[in-house]
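Here's the structure we're looking at; comments come further down.
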Amino acid sequence: MFCDSRTDCAKLRNFGVVDGAWRGVRIISPTNRPFANGSIMTSLNIRNDPCALDFLSLGALVHRLDPGIIPFRKARTFDVHVSGGEYNVAANLSDCFGLRTGIATAMVNYGIGELVQARVRETGVTPFYKWFEHDGVRGPNIATVYSDRGQGVRAPVVFYNRANEAGALLKPGDFDWPKIFGGGVRWFHSGGIFAALSATTSDLILEGMQAAKAAGAVVSFDLNYRAKLWSTVGGEARAHQVLRRIAGSIDALFGNEEDLQKGLGIEGPKIDTASPLSPLGRWDGGEGRSNLDPDSFFQLIERVVAQFPNIKLVATTLREVHSTNRHDWAAVLWLDGKRFVSPIRSLDVYDRIGGGDGFSAGLIYGLLTGRSPEESLRLGWAHGALITTYPGDVTMAKREEVDALAKGGSSRVQR
């Protein structure tokens, strides 16, 4: 873990031993000292034999309408981004990092479906589609997400039209898992957005996870708690019921404090959107007080793994939002009881959507390619940061750019 400033080191000093001058300091937590060769053994048991796919996601594809900084009520034009929390990770791993990835999802035979298919092909992700026919009037549909970018003191606004969504119609039995996993899959991933769509999508997630386990794949899940989605299917009580069932079947969990508390019902510090920023990545009320302290998050993780001892990895990003376009950015990783914390870096944000999925992709890439946990965390931290500099939800970064930033690269002009 490296500090980028004196302030960063002061915030993180209690988490390890500080050596040397402040810039480029390496801080080693007493609980995560590496072995002599710099690597750390993990219990994830990632396959290293030849596999058809390095990574497979299960989730819903959506198209997001983006009017830029203009609120929708005043918008005249918008960009169309193809997205989906689960798909984004697969697209990032393929397009930026060159891995073989797939997505199991719903597809609709109409114009929007053709647009989405084209974007999936562009990223190099192998699709496994369950097909639906559009009736020309009511669907089924590829869901629409509406999201402006905000600007300065004005926060982004997100709302949805997921009526008669094809993804919500997916159910157990819709995919031929033995065939999909037959060529080998190293990592299987799904998320809480897909789980919230209907009663059948969570059952499908569990079916896919069972097949992944039988095929020797690592199984991960991003809680991605969205109150608006869960409110339509039973609220927090339903989220706890569904997500706790899923959490009992996974190896790796992605989620911040709000996800863990509201999604899994884990007791922790009170979540208050009006309070100064916690590691949730919320507005700090203009007070400028930093709370990128990872200790409370690690304490919450200990409660999670006490209830779900099958979980070997928990990771998340930490944001302090000074304005829509100015964030402090960090990330943490808990792996086999060891704690890792990234640097803190100030970001000039162009579009914040997708940064968390970018982090997950970079971290998973590092682990799949045999990097140490610390290096894997830095790759996730760097890739997530880069995604906030592009429009859209998926990466436009090159692997070399991610490596450079992870190693402390600057923003000077490349000539």
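Quick note on naming: the chains in the structure tokens go A, B, ... in the order shown, residues restart at 1 in each chain, and ligands are numbered from 1 in order of appearance.
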field: Who sits within 10 Å of Phe97 of chain A, only C-alpha atoms, same chain under 2 positions skipped, as number ranges by chain
entry: A: 91-95, 99-100, 361-362, 365-366, 395, 397-400, 402
query: Running DSSP on the backbone, which parts of segment 157-247 of chain A land in helix (DSSP H, G or I), as number ranges by chain?
result: A: 166-169, 177-181, 192-195, 199-214, 227-231, 235-247
task: For Asn48 of chain A, please output as a PyMOL selection string all residues within 12 Å (counting only C-alpha atoms; exclusion window: fewer than 4 positions along the same chain).
output: chain A and resi 44+52-54+184-187+216-218+367-370
task: Considering only C-alpha atoms, return as an NGL selection string whatever protein or nucleic-acid residues lie within 7 Å of segment 343-357 of chain A, sequence-local ones (same chain, fewer than 5 positions apart) excluded.
output: :A and (1-4 or 8 or 85 or 88-89 or 149 or 317 or 325-330 or 384-385 or 387-391 or 393-394)
Generate a file of the selected residues that holds C-alpha atoms, formatted as a PDB file, in the first residue's frame.
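Everything below was put into again19.pdb:
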ATOM      1  CA  MET A   1       0.000   0.000   0.000  1.00  0.00           C
ATOM      2  CA  PHE A   2       1.435   3.414  -0.942  1.00  0.00           C
ATOM      3  CA  CYS A   3       0.556   6.934   0.233  1.00  0.00           C
ATOM      4  CA  ASP A   4       0.127   9.690  -2.340  1.00  0.00           C
ATOM      5  CA  ASP A   8      -3.005  10.027   3.129  1.00  0.00           C
ATOM      6  CA  GLY A  85     -23.740  -4.469 -13.403  1.00  0.00           C
ATOM      7  CA  ASN A  88     -19.868  -4.554 -17.188  1.00  0.00           C
ATOM      8  CA  VAL A  89     -17.328  -6.725 -15.377  1.00  0.00           C
ATOM      9  CA  ARG A 149     -24.109  13.055 -15.023  1.00  0.00           C
ATOM     10  CA  THR A 317     -14.216   0.976  -3.265  1.00  0.00           C
ATOM     11  CA  ASN A 325     -16.735  15.991 -10.317  1.00  0.00           C
ATOM     12  CA  ARG A 326     -14.262  15.798  -7.428  1.00  0.00           C
ATOM     13  CA  HIS A 327     -13.856  12.569  -5.493  1.00  0.00           C
ATOM     14  CA  ASP A 328     -11.222  11.070  -3.236  1.00  0.00           C
ATOM     15  CA  TRP A 329     -10.875   7.421  -4.245  1.00  0.00           C
ATOM     16  CA  ALA A 330      -9.546   4.339  -2.487  1.00  0.00           C
ATOM     17  CA  GLY A 384     -11.982   1.870 -11.558  1.00  0.00           C
ATOM     18  CA  ALA A 385     -10.405   5.318 -11.368  1.00  0.00           C
ATOM     19  CA  ILE A 387     -13.363   4.435 -15.920  1.00  0.00           C
ATOM     20  CA  THR A 388     -14.579   7.609 -14.192  1.00  0.00           C
ATOM     21  CA  THR A 389     -12.730   9.595 -16.870  1.00  0.00           C
ATOM     22  CA  TYR A 390     -14.793   8.148 -19.765  1.00  0.00           C
ATOM     23  CA  PRO A 391     -18.451   8.419 -20.777  1.00  0.00           C
ATOM     24  CA  ASP A 393     -20.411   2.291 -18.095  1.00  0.00           C
ATOM     25  CA  VAL A 394     -17.638   0.114 -19.503  1.00  0.00           C
TER      26      VAL A 394
END
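For Arg154 of chain A, the non-local neighbours within 12 Å, defined as residues at least 6 positions apart in the same chain or in other chains and counting only C-alpha atoms, are Ile69, Ile70, Pro71, Asp148, Trp283, Val321, His322, Ser323, Thr324, Asn325 and Arg326 of chain A.
Excluding Ala163 of chain A itself and same-chain residues fewer than 5 positions from it, the residues having an atom within 12 Å of it are Arg138, Gly139, Pro140, Asn141, Ile142, Ala143, Thr144, Val145, Ala168, Leu169, Leu197, Ser198, Leu229 and Thr232 of chain A, counting only C-alpha atoms.
Proximity to Arg245 of chain A was assessed for A:Ala406, A:Met209, A:Ile46, A:Val82 counting only C-alpha atoms; the smallest distance is recorded for A:Met209.
For the atom pair formed by atom CA of Val304 of chain A and atom CA of Gly192 of chain A, the distance is 16.4 Å, given to one decimal.
Residues of segment 313-378 of chain A assigned to strand (DSSP E) by DSSP on this structure's backbone: Leu313, Val314, Ala315, Thr316, Thr317, Leu318, Arg319, Glu320, Val321, His322, Ser323, Arg326, His327, Asp328, Trp329, Ala330, Ala331, Val332, Leu333, Trp334, Leu335, Lys338, Arg339, Phe340, Val341, Arg345, Ser346, Leu347 and Asp348 of chain A.
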Residues as selected, C-alpha atoms, written as a PDB file, in the first residue's frame, can you do that?
ATOM      1  CA  LEU A 313     -12.800 -12.452  -0.177  1.00  0.00           C
ATOM      2  CA  VAL A 314     -14.602  -9.153   0.401  1.00  0.00           C
ATOM      3  CA  ALA A 315     -13.700  -5.979  -1.476  1.00  0.00           C
ATOM      4  CA  THR A 316     -15.076  -2.523  -2.158  1.00  0.00           C
ATOM      5  CA  THR A 317     -14.216   0.976  -3.265  1.00  0.00           C
ATOM      6  CA  LEU A 318     -14.210   3.920  -0.849  1.00  0.00           C
ATOM      7  CA  ARG A 319     -15.226   7.360  -2.101  1.00  0.00           C
ATOM      8  CA  GLU A 320     -15.335  10.771  -0.539  1.00  0.00           C
ATOM      9  CA  VAL A 321     -17.503  12.957  -2.741  1.00  0.00           C
ATOM     10  CA  HIS A 322     -16.543  16.620  -2.486  1.00  0.00           C
ATOM     11  CA  SER A 323     -18.632  17.434  -5.546  1.00  0.00           C
ATOM     12  CA  ARG A 326     -14.262  15.798  -7.428  1.00  0.00           C
ATOM     13  CA  HIS A 327     -13.856  12.569  -5.493  1.00  0.00           C
ATOM     14  CA  ASP A 328     -11.222  11.070  -3.236  1.00  0.00           C
ATOM     15  CA  TRP A 329     -10.875   7.421  -4.245  1.00  0.00           C
ATOM     16  CA  ALA A 330      -9.546   4.339  -2.487  1.00  0.00           C
ATOM     17  CA  ALA A 331     -10.287   0.623  -2.217  1.00  0.00           C
ATOM     18  CA  VAL A 332      -9.957  -2.171   0.321  1.00  0.00           C
ATOM     19  CA  LEU A 333      -9.590  -5.938   0.116  1.00  0.00           C
ATOM     20  CA  TRP A 334     -10.113  -8.580   2.792  1.00  0.00           C
ATOM     21  CA  LEU A 335      -8.727 -11.938   1.687  1.00  0.00           C
ATOM     22  CA  LYS A 338      -5.686 -10.441   5.659  1.00  0.00           C
ATOM     23  CA  ARG A 339      -6.330  -6.737   5.055  1.00  0.00           C
ATOM     24  CA  PHE A 340      -5.140  -4.647   2.114  1.00  0.00           C
ATOM     25  CA  VAL A 341      -5.722  -0.940   1.523  1.00  0.00           C
ATOM     26  CA  ARG A 345      -6.165   9.551  -4.955  1.00  0.00           C
ATOM     27  CA  SER A 346      -8.157  12.640  -5.884  1.00  0.00           C
ATOM     28  CA  LEU A 347     -10.157  12.139  -9.075  1.00  0.00           C
ATOM     29  CA  ASP A 348     -11.581  14.623 -11.555  1.00  0.00           C
TER      30      ASP A 348
END
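Note that the spacing between atom CA of Ser220 of chain A and atom CA of Asp403 of chain A amounts to 23.7 Å.
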field: Near-Trp177 of chain A list (8 Å; only C-alpha atoms; drop same-chain fewer than 5 positions) as an MDAnalysis selection string
entry: chainID A and resid 182 208 211
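Here the question is which of A:Ala75, A:Leu363, A:Val137, A:Leu115 gets nearest to Ala382 of chain A using only C-alpha atoms, and that residue is A:Leu363.
You will find atom CA of Ile112 of chain A at 22.4 Å from atom CA of Met396 of chain A.
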